[in-house]
Amino acid sequence: MAERTDLTIPYSALAFESERVAVLNPPSSEHEVLSALLMETVRHYGEALAEGAGIVPVSVTIDVTGIVSGEAPVRFEAEIDRKTRTLLFIGGEASQAGGPLLKATAVYRITV
C-alpha cells in the first residue's frame with residue numbers, strides 16, 4: 001500500500017482575488033488537497049451569495065479532469081448556477097495554465 005501524507009495545505013494558503021476566485025501558488029499535486037481547496041472557494045462564494053444567511057451542504061460532486069503539471073499556480077473559480085429562496089446551486093473549477101484539473105457541483109440549503 002502506498003505511503004500517505006497528511007493534507008497539509010491550510011485554507012489560508014488560498015489568495016482570494018474576488019468573492020469567487022482564488023489562487024494557490026505553489027500548487028499541490030494531490031487531487032484530494034485541490035478538491036478541499038476548490039470546495040472552500042465554492043463555499044466562500046456561496047456564503048457571499050447567501051447574504052448573511054447560513055448555508056449547509058446537501059450534495060457535492062467532484063470530477064477529476066486533468067493532472068497538475070509544473071509549478072504554475074492553480075486557479076479556483078466558483079460560478080452560481082441558480083439560487084432559490086431555500087437552495088443554492090453552485091459549481092466551481094480548478095485549472096492550471098488554462099487547463100482544467102477539477103470540476104465541482106454542489107447544492108447548499110440556505111438557512112436563516
# chains A, B, ... in the order shown; residues from 1 in each chain; ligands from 1
call {"tool": "residues_around", "arguments": {"residues": "stretch 100-107 of chain A", "least_positions_apart": "5", "cutoff": "8 Å", "atoms": "only C-alpha atoms", "output": "NGL selection string"}}
result
:A and (34-35 or 38-39 or 57-68 or 87-95)
call {"tool": "write_last_selection", "arguments": {"atoms": "C-alpha atoms", "output": "CSV table (one decimal), in the first residue's frame"}}
result
chain,number,residue,atom,x,y,z
A,34,LEU,CA,-7.1,20.6,-4.5
A,35,SER,CA,-10.6,19.2,-4.0
A,38,LEU,CA,-11.9,24.1,-4.6
A,39,MET,CA,-14.8,23.4,-2.2
A,57,PRO,CA,-24.2,21.3,2.1
A,58,VAL,CA,-26.8,18.9,0.6
A,59,SER,CA,-24.9,17.4,-2.3
A,60,VAL,CA,-21.3,17.7,-3.6
A,61,THR,CA,-19.8,16.0,-6.7
A,62,ILE,CA,-16.2,16.4,-7.8
A,63,ASP,CA,-14.8,15.2,-11.1
A,64,VAL,CA,-11.1,15.0,-11.9
A,65,THR,CA,-10.5,16.3,-15.4
A,66,GLY,CA,-6.7,16.8,-15.5
A,67,ILE,CA,-3.3,16.4,-13.8
A,68,VAL,CA,-1.2,19.1,-12.2
A,87,LEU,CA,-31.4,26.3,-2.2
A,88,LEU,CA,-28.2,27.4,-3.8
A,89,PHE,CA,-26.9,25.5,-6.9
A,90,ILE,CA,-23.2,26.4,-7.4
A,91,GLY,CA,-20.2,24.9,-9.1
A,92,GLY,CA,-16.5,25.5,-9.5
A,93,GLU,CA,-13.5,24.6,-11.4
A,94,ALA,CA,-9.8,24.3,-10.6
A,95,SER,CA,-7.4,25.0,-13.5
call {"tool": "closest_residue", "arguments": {"among": "A:Ile55, A:Ala97, A:Ala13, A:Leu37", "to": "A:Glu71", "atoms": "only C-alpha atoms"}}
result
A:Ala97
call {"tool": "residues_around", "arguments": {"residues": "A:Ser69", "least_positions_apart": "3", "cutoff": "9 Å", "atoms": "only C-alpha atoms", "output": "list in words"}}
result
Ser29, Ala72 and Gln96 of chain A
call {"tool": "write_last_selection", "arguments": {"atoms": "N, CA and C atoms", "output": "PDB file, in the first residue's frame"}}
result
ATOM      1  N   SER A  29       0.097  18.789  -5.898  1.00  0.00           N
ATOM      2  CA  SER A  29      -0.185  17.796  -6.936  1.00  0.00           C
ATOM      3  C   SER A  29      -1.209  16.762  -6.464  1.00  0.00           C
ATOM      4  N   ALA A  72       3.120  26.177 -12.231  1.00  0.00           N
ATOM      5  CA  ALA A  72       2.167  27.269 -12.452  1.00  0.00           C
ATOM      6  C   ALA A  72       1.105  27.243 -11.354  1.00  0.00           C
ATOM      7  N   GLN A  96      -5.143  24.982 -14.208  1.00  0.00           N
ATOM      8  CA  GLN A  96      -3.735  25.362 -14.172  1.00  0.00           C
ATOM      9  C   GLN A  96      -3.322  25.710 -15.588  1.00  0.00           C
TER      10      GLN A  96
END
call {"tool": "select_by_dssp", "arguments": {"residues": "chain A", "states": "alpha helix (DSSP H)", "output": "MDAnalysis selection string"}}
result
chainID A and resid 31:49
call {"tool": "select_by_dssp", "arguments": {"residues": "stretch 5-101 of chain A", "states": "strand (DSSP E or B)", "output": "PyMOL selection string"}}
result
chain A and resi 15-16+21-24+54-64+74-83+87-96+99-101
call {"tool": "write_last_selection", "arguments": {"atoms": "N, CA and C atoms", "output": "tab-separated table (two decimals), in the first residue's frame"}}
result
chain	number	residue	atom	x	y	z
A	15	ALA	N	-5.25	32.56	-1.98
A	15	ALA	CA	-5.25	34.02	-2.14
A	15	ALA	C	-6.50	34.38	-2.94
A	16	PHE	N	-7.50	34.96	-2.27
A	16	PHE	CA	-8.75	35.31	-2.95
A	16	PHE	C	-8.56	36.59	-3.75
A	21	VAL	N	-13.10	33.88	-6.87
A	21	VAL	CA	-11.85	33.42	-7.49
A	21	VAL	C	-10.72	33.41	-6.46
A	22	ALA	N	-9.99	32.28	-6.41
A	22	ALA	CA	-8.83	32.15	-5.53
A	22	ALA	C	-7.69	31.48	-6.29
A	23	VAL	N	-6.46	31.71	-5.81
A	23	VAL	CA	-5.27	31.14	-6.46
A	23	VAL	C	-4.40	30.47	-5.40
A	24	LEU	N	-3.82	29.33	-5.75
A	24	LEU	CA	-2.87	28.62	-4.90
A	24	LEU	C	-1.53	28.58	-5.60
A	54	GLY	N	-26.95	31.40	6.67
A	54	GLY	CA	-26.02	30.28	6.67
A	54	GLY	C	-26.28	29.36	5.48
A	55	ILE	N	-25.31	28.53	5.15
A	55	ILE	CA	-25.50	27.52	4.12
A	55	ILE	C	-25.03	26.17	4.66
A	56	VAL	N	-25.77	25.12	4.28
A	56	VAL	CA	-25.46	23.75	4.71
A	56	VAL	C	-25.38	22.88	3.46
A	57	PRO	N	-24.31	22.10	3.29
A	57	PRO	CA	-24.21	21.28	2.08
A	57	PRO	C	-25.29	20.19	2.05
A	58	VAL	N	-25.86	20.00	0.87
A	58	VAL	CA	-26.84	18.95	0.62
A	58	VAL	C	-26.21	17.88	-0.27
A	59	SER	N	-25.46	18.33	-1.29
A	59	SER	CA	-24.87	17.41	-2.26
A	59	SER	C	-23.60	18.04	-2.83
A	60	VAL	N	-22.57	17.21	-3.00
A	60	VAL	CA	-21.31	17.67	-3.60
A	60	VAL	C	-20.81	16.57	-4.53
A	61	THR	N	-20.41	16.95	-5.74
A	61	THR	CA	-19.80	16.04	-6.70
A	61	THR	C	-18.53	16.67	-7.22
A	62	ILE	N	-17.45	15.91	-7.27
A	62	ILE	CA	-16.18	16.41	-7.80
A	62	ILE	C	-15.69	15.44	-8.86
A	63	ASP	N	-15.35	15.97	-10.02
A	63	ASP	CA	-14.79	15.18	-11.12
A	63	ASP	C	-13.36	15.62	-11.38
A	64	VAL	N	-12.44	14.67	-11.49
A	64	VAL	CA	-11.06	14.96	-11.85
A	64	VAL	C	-10.99	15.01	-13.37
A	74	VAL	N	-2.39	27.22	-9.33
A	74	VAL	CA	-3.71	26.62	-9.58
A	74	VAL	C	-4.75	27.69	-9.27
A	75	ARG	N	-5.69	27.87	-10.20
A	75	ARG	CA	-6.74	28.88	-10.06
A	75	ARG	C	-8.06	28.17	-9.77
A	76	PHE	N	-8.78	28.67	-8.79
A	76	PHE	CA	-10.08	28.13	-8.39
A	76	PHE	C	-11.13	29.19	-8.68
A	77	GLU	N	-12.20	28.79	-9.37
A	77	GLU	CA	-13.24	29.76	-9.70
A	77	GLU	C	-14.61	29.14	-9.46
A	78	ALA	N	-15.45	29.85	-8.72
A	78	ALA	CA	-16.81	29.40	-8.43
A	78	ALA	C	-17.80	30.13	-9.32
A	79	GLU	N	-18.90	29.47	-9.61
A	79	GLU	CA	-19.92	30.02	-10.51
A	79	GLU	C	-21.29	29.61	-9.99
A	80	ILE	N	-22.21	30.56	-9.90
A	80	ILE	CA	-23.57	30.22	-9.47
A	80	ILE	C	-24.35	29.68	-10.66
A	81	ASP	N	-25.09	28.61	-10.43
A	81	ASP	CA	-25.98	28.07	-11.45
A	81	ASP	C	-27.39	28.62	-11.25
A	82	ARG	N	-27.85	28.57	-9.98
A	82	ARG	CA	-29.20	29.03	-9.69
A	82	ARG	C	-29.34	29.22	-8.19
A	83	LYS	N	-30.15	30.19	-7.79
A	83	LYS	CA	-30.44	30.42	-6.38
A	83	LYS	C	-31.95	30.55	-6.22
A	87	LEU	N	-32.50	27.14	-1.64
A	87	LEU	CA	-31.39	26.34	-2.18
A	87	LEU	C	-30.46	27.18	-3.04
A	88	LEU	N	-29.20	26.79	-3.01
A	88	LEU	CA	-28.17	27.43	-3.81
A	88	LEU	C	-27.48	26.34	-4.63
A	89	PHE	N	-27.56	26.46	-5.95
A	89	PHE	CA	-26.90	25.52	-6.86
A	89	PHE	C	-25.66	26.23	-7.38
A	90	ILE	N	-24.50	25.68	-7.07
A	90	ILE	CA	-23.25	26.38	-7.36
A	90	ILE	C	-22.20	25.37	-7.80
A	91	GLY	N	-21.27	25.81	-8.59
A	91	GLY	CA	-20.20	24.93	-9.05
A	91	GLY	C	-18.88	25.65	-9.05
A	92	GLY	N	-17.85	24.93	-9.43
A	92	GLY	CA	-16.54	25.53	-9.49
A	92	GLY	C	-15.59	24.69	-10.31
A	93	GLU	N	-14.47	25.31	-10.66
A	93	GLU	CA	-13.45	24.62	-11.44
A	93	GLU	C	-12.07	25.02	-10.93
A	94	ALA	N	-11.18	24.04	-10.86
A	94	ALA	CA	-9.77	24.28	-10.60
A	94	ALA	C	-9.05	24.10	-11.92
A	95	SER	N	-8.16	25.05	-12.24
A	95	SER	CA	-7.43	24.96	-13.50
A	95	SER	C	-5.99	25.40	-13.28
A	96	GLN	N	-5.14	24.98	-14.21
A	96	GLN	CA	-3.73	25.36	-14.17
A	96	GLN	C	-3.32	25.71	-15.59
A	99	GLY	N	-5.74	24.98	-18.32
A	99	GLY	CA	-6.24	23.62	-18.48
A	99	GLY	C	-7.01	23.17	-17.25
A	100	PRO	N	-8.17	22.53	-17.43
A	100	PRO	CA	-8.98	22.11	-16.28
A	100	PRO	C	-8.34	20.97	-15.50
A	101	LEU	N	-8.50	21.02	-14.16
A	101	LEU	CA	-8.00	19.97	-13.27
A	101	LEU	C	-9.13	19.26	-12.55
call {"tool": "atom_distance", "arguments": {"atom1": "atom CA of A:Leu14", "atom2": "atom CA of A:Gly70"}}
result
18.3 Å
call {"tool": "closest_residue", "arguments": {"among": "A:Gly98, A:Gly46, A:Gly52, A:Pro73", "to": "A:Ser28", "atoms": "only C-alpha atoms"}}
result
A:Pro73
call {"tool": "atom_distance", "arguments": {"atom1": "atom CA of A:Ile110", "atom2": "atom CA of A:Glu40"}}
result
16.7 Å
call {"tool": "atom_distance", "arguments": {"atom1": "atom CA of A:Glu30", "atom2": "atom CA of A:Ser12"}}
result
17.2 Å
